[in-house]
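Peer 1: Input structure: protein-v2.cif, which contains mmCIF, C-alpha atoms and all ligand atoms.
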```cif
data_coords
loop_
_atom_site.group_PDB
_atom_site.id
_atom_site.type_symbol
_atom_site.label_atom_id
_atom_site.label_comp_id
_atom_site.auth_asym_id
_atom_site.auth_seq_id
_atom_site.Cartn_x
_atom_site.Cartn_y
_atom_site.Cartn_z
ATOM 1 C CA MET A 1 -23.310 -101.053 124.513
ATOM 2 C CA ASN A 2 -25.542 -101.719 121.502
ATOM 3 C CA ILE A 3 -28.234 -104.351 121.946
ATOM 4 C CA ALA A 4 -30.587 -105.783 119.312
ATOM 5 C CA LEU A 5 -34.022 -107.047 120.408
ATOM 6 C CA ILE A 6 -35.991 -109.215 118.009
ATOM 7 C CA ALA A 7 -38.860 -111.653 118.483
ATOM 8 C CA HIS A 8 -41.142 -113.640 116.259
ATOM 9 C CA ASP A 9 -44.858 -113.143 116.830
ATOM 10 C CA LYS A 10 -45.417 -116.020 119.242
ATOM 11 C CA LYS A 11 -42.401 -114.919 121.289
ATOM 12 C CA LYS A 12 -43.146 -111.203 121.420
ATOM 13 C CA ASP A 13 -44.965 -111.322 124.756
ATOM 14 C CA THR A 14 -41.998 -113.165 126.249
ATOM 15 C CA LEU A 15 -39.503 -110.577 125.003
ATOM 16 C CA VAL A 16 -41.711 -107.659 126.064
ATOM 17 C CA ASN A 17 -41.993 -109.084 129.585
ATOM 18 C CA PHE A 18 -38.251 -109.725 129.599
ATOM 19 C CA ALA A 19 -37.562 -106.116 128.589
ATOM 20 C CA VAL A 20 -39.854 -104.854 131.364
ATOM 21 C CA ALA A 21 -38.154 -107.084 133.942
ATOM 22 C CA TYR A 22 -34.648 -105.974 132.938
ATOM 23 C CA LYS A 23 -35.433 -102.375 132.037
ATOM 24 C CA HIS A 24 -32.902 -101.169 134.619
ATOM 25 C CA ILE A 25 -30.175 -102.869 132.555
ATOM 26 C CA PHE A 26 -31.525 -102.181 129.069
ATOM 27 C CA GLU A 27 -32.017 -98.466 129.675
ATOM 28 C CA LYS A 28 -28.251 -98.040 130.081
ATOM 29 C CA ALA A 29 -27.687 -99.394 126.537
ATOM 30 C CA THR A 30 -28.482 -98.202 123.031
ATOM 31 C CA LEU A 31 -31.318 -100.370 121.820
ATOM 32 C CA TYR A 32 -32.173 -101.533 118.322
ATOM 33 C CA ALA A 33 -35.071 -103.693 117.199
ATOM 34 C CA THR A 34 -37.040 -104.883 114.232
ATOM 35 C CA GLY A 35 -40.197 -102.886 113.554
ATOM 36 C CA THR A 36 -43.016 -104.566 115.424
ATOM 37 C CA THR A 37 -40.881 -105.919 118.244
ATOM 38 C CA GLY A 38 -39.462 -102.446 118.852
ATOM 39 C CA LEU A 39 -42.885 -100.831 118.902
ATOM 40 C CA ARG A 40 -44.199 -103.365 121.416
ATOM 41 C CA ILE A 41 -41.202 -102.872 123.729
ATOM 42 C CA MET A 42 -41.369 -99.084 123.476
ATOM 43 C CA GLU A 43 -45.058 -99.125 124.375
ATOM 44 C CA ALA A 44 -44.483 -101.432 127.343
ATOM 45 C CA THR A 45 -41.347 -99.824 128.764
ATOM 46 C CA GLY A 46 -41.199 -96.248 127.509
ATOM 47 C CA MET A 47 -37.566 -96.837 126.476
ATOM 48 C CA THR A 48 -36.215 -95.288 123.300
ATOM 49 C CA ILE A 49 -35.526 -97.886 120.625
ATOM 50 C CA ASN A 50 -33.979 -97.446 117.211
ATOM 51 C CA ARG A 51 -36.438 -99.347 115.057
ATOM 52 C CA PHE A 52 -35.715 -100.907 111.709
ATOM 53 C CA LEU A 53 -38.120 -102.430 109.219
ATOM 54 C CA SER A 54 -40.231 -105.396 110.202
ATOM 55 C CA GLY A 55 -38.312 -108.666 109.907
ATOM 56 C CA PRO A 56 -40.075 -110.032 106.813
ATOM 57 C CA LEU A 57 -39.511 -106.684 105.057
ATOM 58 C CA GLY A 58 -35.763 -106.579 105.675
ATOM 59 C CA GLY A 59 -35.351 -105.682 109.366
ATOM 60 C CA ASP A 60 -33.225 -108.742 110.093
ATOM 61 C CA GLN A 61 -30.922 -107.762 107.252
ATOM 62 C CA GLN A 62 -30.644 -104.202 108.560
ATOM 63 C CA ILE A 63 -29.592 -105.475 111.977
ATOM 64 C CA GLY A 64 -27.298 -107.958 110.230
ATOM 65 C CA ALA A 65 -25.563 -105.026 108.550
ATOM 66 C CA LEU A 66 -24.715 -103.526 111.964
ATOM 67 C CA ILE A 67 -23.412 -106.902 113.128
ATOM 68 C CA ALA A 68 -21.260 -107.139 109.994
ATOM 69 C CA GLU A 69 -19.762 -103.732 110.844
ATOM 70 C CA ASP A 70 -19.094 -104.948 114.412
ATOM 71 C CA ARG A 71 -21.457 -102.323 115.784
ATOM 72 C CA MET A 72 -23.700 -104.689 117.769
ATOM 73 C CA ASP A 73 -22.557 -106.033 121.149
ATOM 74 C CA LEU A 74 -25.433 -108.331 122.059
ATOM 75 C CA VAL A 75 -28.332 -109.861 120.126
ATOM 76 C CA LEU A 76 -31.472 -111.227 121.776
ATOM 77 C CA PHE A 77 -33.488 -112.943 119.078
ATOM 78 C CA PHE A 78 -36.399 -114.949 120.430
ATOM 79 C CA ARG A 79 -37.155 -117.225 117.503
ATOM 80 C CA ASP A 80 -40.286 -119.283 117.048
ATOM 81 C CA PRO A 81 -38.968 -122.787 116.402
ATOM 82 C CA LEU A 82 -42.442 -124.139 115.633
ATOM 83 C CA ALA A 83 -43.486 -121.936 112.734
ATOM 84 C CA ALA A 84 -42.014 -121.498 109.260
ATOM 85 C CA GLN A 85 -40.991 -117.896 108.522
ATOM 86 C CA PRO A 86 -41.181 -116.432 105.007
ATOM 87 C CA HIS A 87 -37.837 -114.717 105.574
ATOM 88 C CA GLU A 88 -35.964 -117.738 106.949
ATOM 89 C CA PRO A 89 -32.846 -116.945 104.847
ATOM 90 C CA ASP A 90 -32.615 -113.509 106.498
ATOM 91 C CA ILE A 91 -32.885 -115.064 109.962
ATOM 92 C CA LEU A 92 -30.134 -117.549 109.210
ATOM 93 C CA ALA A 93 -27.967 -114.794 107.748
ATOM 94 C CA LEU A 94 -28.297 -112.704 110.909
ATOM 95 C CA LEU A 95 -27.374 -115.628 113.140
ATOM 96 C CA ARG A 96 -24.506 -116.579 110.857
ATOM 97 C CA LEU A 97 -23.076 -113.064 111.101
ATOM 98 C CA CYS A 98 -23.171 -113.317 114.907
ATOM 99 C CA ASP A 99 -20.924 -116.358 114.594
ATOM 100 C CA VAL A 100 -18.686 -114.692 112.028
ATOM 101 C CA HIS A 101 -18.100 -111.734 114.346
ATOM 102 C CA ASP A 102 -18.289 -113.564 117.708
ATOM 103 C CA ILE A 103 -21.296 -111.581 118.883
ATOM 104 C CA PRO A 104 -23.111 -113.025 121.906
ATOM 105 C CA VAL A 105 -26.573 -114.089 120.741
ATOM 106 C CA ALA A 106 -29.489 -115.643 122.624
ATOM 107 C CA THR A 107 -32.330 -117.316 120.747
ATOM 108 C CA ASN A 108 -34.391 -118.128 123.831
ATOM 109 C CA ILE A 109 -35.196 -116.581 127.191
ATOM 110 C CA ALA A 110 -33.060 -118.991 129.218
ATOM 111 C CA THR A 111 -29.875 -117.950 127.423
ATOM 112 C CA ALA A 112 -30.953 -114.314 127.348
ATOM 113 C CA GLU A 113 -31.311 -114.348 131.121
ATOM 114 C CA ILE A 114 -27.734 -115.561 131.541
ATOM 115 C CA LEU A 115 -26.344 -113.029 129.070
ATOM 116 C CA VAL A 116 -28.187 -110.082 130.581
ATOM 117 C CA LYS A 117 -26.960 -110.994 134.054
ATOM 118 C CA ALA A 118 -23.430 -111.248 132.645
ATOM 119 C CA LEU A 119 -23.894 -107.823 131.087
ATOM 120 C CA GLU A 120 -24.997 -106.374 134.426
ATOM 121 C CA ARG A 121 -21.926 -107.918 136.101
ATOM 122 C CA GLY A 122 -19.602 -106.265 133.600
ATOM 123 C CA ASP A 123 -18.648 -109.383 131.668
ATOM 124 C CA PHE A 124 -19.033 -107.543 128.375
ATOM 125 C CA ALA A 125 -16.197 -105.115 129.049
ATOM 126 C CA TRP A 126 -14.118 -106.981 126.452
ATOM 127 C CA ARG A 127 -16.469 -105.649 123.767
ATOM 128 C CA GLU A 128 -15.417 -102.114 124.650
ATOM 129 C CA VAL A 129 -11.675 -102.728 124.379
ATOM 130 C CA LYS A 130 -11.942 -104.485 121.001
HETATM 131 O O1 LIG B 1 -39.597 -111.214 111.857
HETATM 132 C C1 LIG B 1 -38.889 -110.829 112.746
HETATM 133 C C2 LIG B 1 -37.556 -111.423 112.966
HETATM 134 O O2 LIG B 1 -37.219 -112.403 112.027
HETATM 135 C C3 LIG B 1 -39.305 -109.743 113.645
HETATM 136 O O3 LIG B 1 -39.924 -108.692 112.962
HETATM 137 P P1 LIG B 1 -40.971 -107.770 113.711
HETATM 138 O O4 LIG B 1 -40.329 -107.298 114.969
HETATM 139 O O5 LIG B 1 -41.259 -106.631 112.799
HETATM 140 O O6 LIG B 1 -42.180 -108.629 113.959
#
```
Give the structure from this file in structure tokens form.
Peer 2:
Amino acid sequence: MNIALIAHDKKKDTLVNFAVAYKHIFEKATLYATGTTGLRIMEATGMTINRFLSGPLGGDQQIGALIAEDRMDLVLFFRDPLAAQPHEPDILALLRLCDVHDIPVATNIATAEILVKALERGDFAWREVK
């Protein structure tokens, strides 16, 4: 199970706390993250995370490439809906690729909570038989 964890600056604390709360689930998966998000989660949880570049420098595109190759099973991307991002096209491209490849994606903690509980229950088994 490959999971991508990404958060904009104002949402990083939320994602870090989320990763701490669900560490028992996340530690069974292979984790990927954009640069700063990954560092913050590693520091808080001690989990190993495959980190890409920071989002504005191309990290969203790197994760998008894995989605395009159907190598990502779940994307948790806590976006900041109240601030303009310099790399908005990259963000939209990543989310578009999730739709192209039918990858479950949460852009806020409420949806993430539901998806992670579904993951724990085994609802993502279909990703393994694809
Ligand atoms: O900008 C981001 C996602 O669009 C996240 O990048 P960082 O994790 O490096 O802050």
Peer 1: Any residue with an atom at most 7 Å from ligand LIG 1 (chain B) counts, using all atoms listed in the file. Which are they? Put them as a short mmCIF file (atom, residue, chain, number, x, y, z; two decimals) with C-alpha atoms, in the frame of the given file.
Peer 2:
```cif
data_model
loop_
_atom_site.label_atom_id
_atom_site.label_comp_id
_atom_site.auth_asym_id
_atom_site.auth_seq_id
_atom_site.Cartn_x
_atom_site.Cartn_y
_atom_site.Cartn_z
CA ILE A 6 -35.99 -109.22 118.01
CA ALA A 7 -38.86 -111.65 118.48
CA HIS A 8 -41.14 -113.64 116.26
CA ASP A 9 -44.86 -113.14 116.83
CA ALA A 33 -35.07 -103.69 117.20
CA THR A 34 -37.04 -104.88 114.23
CA GLY A 35 -40.20 -102.89 113.55
CA THR A 36 -43.02 -104.57 115.42
CA THR A 37 -40.88 -105.92 118.24
CA GLY A 38 -39.46 -102.45 118.85
CA LEU A 53 -38.12 -102.43 109.22
CA SER A 54 -40.23 -105.40 110.20
CA GLY A 55 -38.31 -108.67 109.91
CA PRO A 56 -40.08 -110.03 106.81
CA GLY A 59 -35.35 -105.68 109.37
CA ASP A 60 -33.22 -108.74 110.09
CA HIS A 87 -37.84 -114.72 105.57
CA ILE A 91 -32.88 -115.06 109.96
#
```
Peer 1: Go ahead and compute the interatomic distance for CA of Tyr22 (chain A) and CA of Asn50 (chain A), in Å to one decimal.
Peer 2: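 Going from CA of Tyr22 (chain A) over to CA of Asn50 (chain A), I get 17.9 Å.
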Peer 1: Enter the distance from CA of Ala29 (chain A) to CA of His101 (chain A), in Å, rounded to one decimal.
Peer 2: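 These atoms are spaced 19.8 Å apart.
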Peer 1: Which residue, A:Gly122, A:Pro86, A:Gly46, A:Pro104, has the smallest gap to Ala4 (chain A) when you use only C-alpha atoms?
Peer 2: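 Counting only C-alpha atoms, the residue closest to Ala4 (chain A) is A:Pro104.
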Peer 1: Excluding Leu119 (chain A) and residues on its chain fewer than 4 positions from it, collect all residues at most 10 Å away from it, counting only C-alpha atoms, and give them as a PyMOL selection string.
Peer 2: chain A and resi 1+25-26+74+113-115+123-125
Peer 1: Might you spell out which residues the PyMOL selection byres (((chain A and resi 108) around 8) and not hetatm) would select in the displayed file, as a list of chain:residue names?
Peer 2: A:Leu76, A:Phe77, A:Phe78, A:Arg79, A:Ala106, A:Thr107, A:Ile109, A:Ala110, A:Thr111, A:Ala112
Peer 1: Pick from A:Thr14, A:Asn2, A:Gln85, A:Gln62: nearest to Ile49 (chain A), with only C-alpha atoms counted?
Peer 2: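 Checking each of A:Thr14, A:Asn2, A:Gln85, A:Gln62 against Ile49 (chain A), counting only C-alpha atoms, the winner is A:Asn2.
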Peer 1: So, counting only C-alpha atoms, which residue among A:Met47, A:Lys10, A:Gln61, A:Ala19 is closest to Asp90 (chain A)?
Peer 2: A:Gln61
Peer 1: What does the distance from CA of Asp73 (chain A) to CA of Ile3 (chain A) come to in Å, to one decimal?
Peer 2: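 CA of Asp73 (chain A) sits 6.0 Å away from CA of Ile3 (chain A).
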Peer 1: Under the rule that all atoms listed in the file are counted, which of A:Thr48, A:Leu97, A:Trp126, A:Lys12 is the nearest residue to Glu69 (chain A)?
Peer 2: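 Comparing A:Thr48, A:Leu97, A:Trp126, A:Lys12 against Glu69 (chain A), the winner is A:Leu97.
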Peer 1: Build an axis-aligned box that encloses every atom of region 83-95 of chain A listed in the file, pad it by 4 Å on each side, and report its centre and edge lengths in Å to one decimal, as lines of an AutoDock Vina configuration file.
Peer 2:
```
center_x = -35.4
center_y = -117.3
center_z = 109.0
size_x = 24.1
size_y = 17.2
size_z = 16.3
```
Peer 1: Any idea what's packed within 12 Å of Val20 (chain A), counting only C-alpha atoms, ignoring anything in its chain fewer than 2 positions away? Could you give it as a ChimeraX atom specification?
Peer 2: /A:13-18,22-27,40-47
Peer 1: Measuring atom to atom with only C-alpha atoms, identify which of A:Glu88, A:Asp80, A:Arg127, A:Ile67 is nearest to Val100 (chain A).
Peer 2: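 Ranked by minimum distance to Val100 (chain A), first place goes to A:Ile67.
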